[in-house]
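Written out below as structure tokens is the structure these notes cover.
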Amino acid sequence: MAVFTPLDDAQVADFLTRFEAGSLKELKGVASGTENTTYFVTTDSRELVLTLFEQGEHEELPFFVDLLDYLDEHRLPVPGPLHDRDGVALQSLAGKPALLFPRMPGKHPTAPSIAQCSALGDTLGHMHSVSRHFEGQRPNPRDLHWLAPMHHRVLAYLSPEDQALMSDEIDTYQAFFGDASDLPQGAIHGDLFRDNTLFDGEQLGGIIDFYNGCTGDLLFDLAIVINDWATDDDGRLNKERHDAILTAYQTRRELTCSERDAWPMMLRMTALRYWLSRLLVVYVDPPAHDLTPHDPQRFRTILGQRLKGALPLPA
Ligand SMILES: Nc1ncnc2c1ncn2[C@@H]1O[C@H](COP(=O)(O)OP(=O)(O)O)[C@@H](O)[C@H]1O
Ligand SMILES: N[C@@H](CCOP(=O)(O)O)C(=O)O
């Protein structure tokens, strides 16, 4: 369950008076979610989501607010945070940093249809075409500068074969990508799994959970999407979903030659990124609460398949 800080109706009713958002009708804790406290808030005028930030780098919250404001202004389907009567979004409630968002419509897709994949690809391409001009900066917290030192912390828990695989992969990425990226840069979501989207039928209702948002290689975002959205149970790429996402994406932003060259390596690196982050959660830094951690083996399997090669990119 993801209500780490319980709130009562009176607290939230009082909190809402800071905004032009109506008065409280109903308050409901959200059971899903892993890091923050989330409530669905119904007022007499709208449906909202209240998030209390329980962990993470609180000094980075202004970056997330600015990014969401920017994407919202560019009409991307993201929850642009509500600003209070003085124009301030970031609040404090029950001693925690707090944000109030519009509630986006829809459900998380588990087996996305081709139409949903196209909608996601189109929106991600649109997002990247505008996020290239976003002025905020937050280095990618899960790029090679993180992978390289962190992988040492999980090696002891792996088989000799997997230890060699992980270390060899990191060496290969370092040799391939080097220190400075020549790939197109911009603001990225950084964790655009299916469960960070909401679909109302085939319509993309919203992209949520921007707390891995950062600036870096746009291709990193796209590879995360393909590895989650377009992978079958055996870890192989699903050609129909793969082509639907990438074709729609490229109607908004065409991949450059350097991105096309880097694509197979980026798919491998982002698969390893989740293999490693999930291993860290299981073995090194388990959360205080009893939520079931995500399965690291899923991304070990995906990495194994990506090592056999990528599918051709649609033109
Ligand atoms: N703006 C929103 N609109 C609709 N549902 C939301 C919104 N924000 C969060 N949710 C719901 O709350 C759940 C938990 O939110 P999330 O930000 O993913 O929490 P956590 O960071 O703790 O994982 C999401 O899976 C989603 O179902
Ligand atoms: N969506 C991720 C969890 C978020 O990644 P983290 O590096 O911030 O822990 C997953 O499915 O593992």
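Numbering starts fresh at 1 for the residues of each chain in the structure tokens, the chains themselves are lettered A, B, ... in the order given, and ligands are numbered from 1 as they appear.
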Task: Protein and nucleic acid residues within 9 Å of ligand 1 (only C-alpha atoms and all ligand atoms) as a ChimeraX atom specification - done: /A:2-3,30-40,47-51,53-54,78-81,100-108,195-198,205-211
Just N, CA and C atoms for this one: save the residues we selected as a compact mmCIF listing (two decimals), in the first residue's frame.
# COMPACT_ATOMS: atom_id res chain seq x y z
N ALA A 2 0.38 2.29 -0.60
CA ALA A 2 1.23 3.47 -0.73
C ALA A 2 0.60 4.70 -0.08
N VAL A 3 0.16 4.51 1.20
CA VAL A 3 -0.17 5.68 2.02
C VAL A 3 0.75 5.60 3.22
N VAL A 30 -4.48 5.84 -2.30
CA VAL A 30 -4.23 4.99 -3.48
C VAL A 30 -3.29 3.86 -3.06
N ALA A 31 -3.74 2.63 -3.30
CA ALA A 31 -2.96 1.48 -2.83
C ALA A 31 -1.72 1.22 -3.67
N SER A 32 -1.78 1.48 -4.98
CA SER A 32 -0.60 1.21 -5.82
C SER A 32 0.42 2.32 -5.60
N GLY A 33 1.55 2.20 -6.24
CA GLY A 33 2.61 3.20 -6.03
C GLY A 33 3.58 2.63 -5.01
N THR A 34 4.78 3.11 -5.08
CA THR A 34 5.84 2.47 -4.28
C THR A 34 6.64 3.44 -3.45
N GLU A 35 6.65 4.71 -3.84
CA GLU A 35 7.60 5.61 -3.17
C GLU A 35 6.94 6.72 -2.39
N ASN A 36 5.83 7.23 -2.93
CA ASN A 36 5.22 8.41 -2.34
C ASN A 36 3.82 8.09 -1.83
N THR A 37 3.30 8.97 -0.97
CA THR A 37 1.90 8.84 -0.54
C THR A 37 1.02 9.50 -1.59
N THR A 38 0.02 8.76 -2.06
CA THR A 38 -0.87 9.30 -3.09
C THR A 38 -2.32 9.19 -2.63
N TYR A 39 -3.07 10.28 -2.78
CA TYR A 39 -4.51 10.28 -2.51
C TYR A 39 -5.27 10.75 -3.74
N PHE A 40 -6.39 10.13 -4.02
CA PHE A 40 -7.35 10.70 -4.98
C PHE A 40 -8.26 11.63 -4.19
N GLU A 47 -11.58 16.36 -10.21
CA GLU A 47 -10.88 15.18 -9.68
C GLU A 47 -9.39 15.50 -9.64
N LEU A 48 -8.78 15.26 -8.46
CA LEU A 48 -7.37 15.64 -8.27
C LEU A 48 -6.58 14.48 -7.68
N VAL A 49 -5.26 14.63 -7.72
CA VAL A 49 -4.36 13.68 -7.07
C VAL A 49 -3.42 14.47 -6.18
N LEU A 50 -3.33 14.03 -4.93
CA LEU A 50 -2.45 14.70 -3.98
C LEU A 50 -1.27 13.77 -3.70
N THR A 51 -0.06 14.27 -3.89
CA THR A 51 1.15 13.46 -3.65
C THR A 51 1.97 14.09 -2.55
N PHE A 53 5.69 13.70 -0.84
CA PHE A 53 6.97 13.10 -1.20
C PHE A 53 7.65 12.56 0.05
N GLU A 54 7.81 11.24 0.06
CA GLU A 54 8.30 10.55 1.24
C GLU A 54 9.80 10.37 1.22
N VAL A 78 0.19 15.43 -19.70
CA VAL A 78 0.87 15.19 -18.41
C VAL A 78 0.09 15.97 -17.34
N PRO A 79 0.19 15.52 -16.08
CA PRO A 79 -0.50 16.26 -15.02
C PRO A 79 0.29 17.51 -14.61
N GLY A 80 -0.01 18.62 -15.24
CA GLY A 80 0.62 19.89 -14.85
C GLY A 80 0.16 20.23 -13.45
N PRO A 81 1.07 20.43 -12.48
CA PRO A 81 0.65 20.64 -11.09
C PRO A 81 -0.18 21.91 -10.93
N LEU A 100 -0.28 19.01 -5.83
CA LEU A 100 -1.65 18.67 -6.20
C LEU A 100 -1.72 18.65 -7.73
N PHE A 101 -2.27 17.56 -8.26
CA PHE A 101 -2.31 17.39 -9.72
C PHE A 101 -3.74 17.17 -10.20
N PRO A 102 -4.01 17.46 -11.48
CA PRO A 102 -5.26 16.97 -12.04
C PRO A 102 -5.20 15.44 -12.14
N ARG A 103 -6.34 14.79 -11.95
CA ARG A 103 -6.37 13.33 -12.12
C ARG A 103 -6.59 13.02 -13.59
N MET A 104 -5.64 12.27 -14.17
CA MET A 104 -5.72 11.96 -15.60
C MET A 104 -6.63 10.74 -15.78
N PRO A 105 -7.34 10.68 -16.91
CA PRO A 105 -8.28 9.59 -17.10
C PRO A 105 -7.61 8.30 -17.60
N GLY A 106 -8.20 7.17 -17.25
CA GLY A 106 -7.79 5.91 -17.86
C GLY A 106 -7.16 4.93 -16.90
N LYS A 107 -6.69 3.81 -17.50
CA LYS A 107 -6.08 2.70 -16.75
C LYS A 107 -4.71 2.37 -17.35
N HIS A 108 -3.85 1.74 -16.53
CA HIS A 108 -2.55 1.31 -17.05
C HIS A 108 -2.77 0.14 -18.02
N ASP A 195 3.06 1.11 -16.70
CA ASP A 195 2.34 1.53 -15.48
C ASP A 195 2.59 2.99 -15.11
N ASN A 196 3.28 3.70 -15.97
CA ASN A 196 3.36 5.16 -15.80
C ASN A 196 2.55 5.88 -16.88
N THR A 197 1.65 5.12 -17.53
CA THR A 197 0.72 5.75 -18.48
C THR A 197 -0.70 5.35 -18.11
N LEU A 198 -1.64 6.16 -18.58
CA LEU A 198 -3.07 5.86 -18.39
C LEU A 198 -3.73 5.96 -19.76
N GLY A 205 -4.49 8.90 -22.01
CA GLY A 205 -5.07 9.88 -21.07
C GLY A 205 -4.00 10.66 -20.33
N GLY A 206 -2.85 10.01 -20.08
CA GLY A 206 -1.81 10.74 -19.36
C GLY A 206 -0.54 9.94 -19.18
N ILE A 207 0.56 10.68 -19.08
CA ILE A 207 1.86 10.11 -18.69
C ILE A 207 2.13 10.68 -17.29
N ILE A 208 2.38 9.78 -16.33
CA ILE A 208 2.54 10.24 -14.94
C ILE A 208 3.93 9.83 -14.40
N ASP A 209 4.16 10.16 -13.14
CA ASP A 209 5.34 9.72 -12.38
C ASP A 209 6.64 10.17 -13.06
N PHE A 210 6.85 11.45 -13.09
CA PHE A 210 8.03 12.04 -13.74
C PHE A 210 9.23 12.14 -12.80
N TYR A 211 9.26 11.35 -11.73
CA TYR A 211 10.30 11.57 -10.71
C TYR A 211 11.64 10.93 -11.08
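Where the distance criterion is 8 Å and the atoms used are only C-alpha atoms and all ligand atoms, the residues close to ligand 2 are Arg142, Asp191, Leu192, Phe193, Tyr211, Asn212, Arg273, Tyr274, Trp275, Ser277, Arg278, Val281, His294, Asp295 and Pro296 of chain A.
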- [ ] Mind giving me the straight-line distance from CA of Leu255 in chain A to CA of Cys214 in chain A in Å, one decimal?
- [x] 19.9 Å
Close residues, range 175-182 of chain A itself excluded, 9 Å, only C-alpha atoms, min 4 positions apart in chain, as an mmCIF file with C-alpha atoms, in the first residue's frame:
data_model
loop_
_atom_site.group_PDB
_atom_site.id
_atom_site.type_symbol
_atom_site.label_atom_id
_atom_site.label_comp_id
_atom_site.auth_asym_id
_atom_site.auth_seq_id
_atom_site.Cartn_x
_atom_site.Cartn_y
_atom_site.Cartn_z
ATOM 1 C CA LEU A 144 26.544 5.060 -17.448
ATOM 2 C CA HIS A 145 28.014 7.294 -14.726
ATOM 3 C CA ILE A 170 29.602 -2.026 -18.839
ATOM 4 C CA ASP A 171 33.076 -2.073 -20.437
ATOM 5 C CA GLY A 216 20.162 13.466 -21.297
ATOM 6 C CA ASP A 217 20.019 11.242 -24.362
ATOM 7 C CA SER A 258 24.195 8.525 -34.692
ATOM 8 C CA GLU A 259 21.026 7.427 -32.877
ATOM 9 C CA ALA A 262 23.677 3.553 -31.114
ATOM 10 C CA MET A 265 23.680 -0.699 -27.685
#
Task: strand (DSSP E) per DSSP on the backbone: members of range 99-283 of chain A, as a ChimeraX atom specification - done: /A:99-102,185-188,197-200,203-207,214-217
Store the residues of this selection in a file with C-alpha atoms, as a PDB file, in the first residue's frame.
ATOM      1  CA  LEU A  99       1.926  18.635  -4.966  1.00  0.00           C
ATOM      2  CA  LEU A 100      -1.652  18.670  -6.201  1.00  0.00           C
ATOM      3  CA  PHE A 101      -2.307  17.386  -9.723  1.00  0.00           C
ATOM      4  CA  PRO A 102      -5.262  16.966 -12.043  1.00  0.00           C
ATOM      5  CA  GLN A 185      19.761  15.749 -25.805  1.00  0.00           C
ATOM      6  CA  GLY A 186      16.669  16.976 -24.004  1.00  0.00           C
ATOM      7  CA  ALA A 187      14.398  16.390 -21.047  1.00  0.00           C
ATOM      8  CA  ILE A 188      13.261  12.777 -20.731  1.00  0.00           C
ATOM      9  CA  THR A 197       0.720   5.749 -18.475  1.00  0.00           C
ATOM     10  CA  LEU A 198      -3.069   5.862 -18.392  1.00  0.00           C
ATOM     11  CA  PHE A 199      -5.213   4.911 -21.382  1.00  0.00           C
ATOM     12  CA  ASP A 200      -8.874   5.638 -21.882  1.00  0.00           C
ATOM     13  CA  GLN A 203      -6.641   7.381 -26.171  1.00  0.00           C
ATOM     14  CA  LEU A 204      -3.534   8.197 -24.113  1.00  0.00           C
ATOM     15  CA  GLY A 205      -5.070   9.881 -21.065  1.00  0.00           C
ATOM     16  CA  GLY A 206      -1.814  10.744 -19.363  1.00  0.00           C
ATOM     17  CA  ILE A 207       1.862  10.112 -18.685  1.00  0.00           C
ATOM     18  CA  CYS A 214      16.075  14.361 -16.135  1.00  0.00           C
ATOM     19  CA  THR A 215      18.044  15.676 -19.093  1.00  0.00           C
ATOM     20  CA  GLY A 216      20.162  13.466 -21.297  1.00  0.00           C
ATOM     21  CA  ASP A 217      20.019  11.242 -24.362  1.00  0.00           C
TER      22      ASP A 217
END
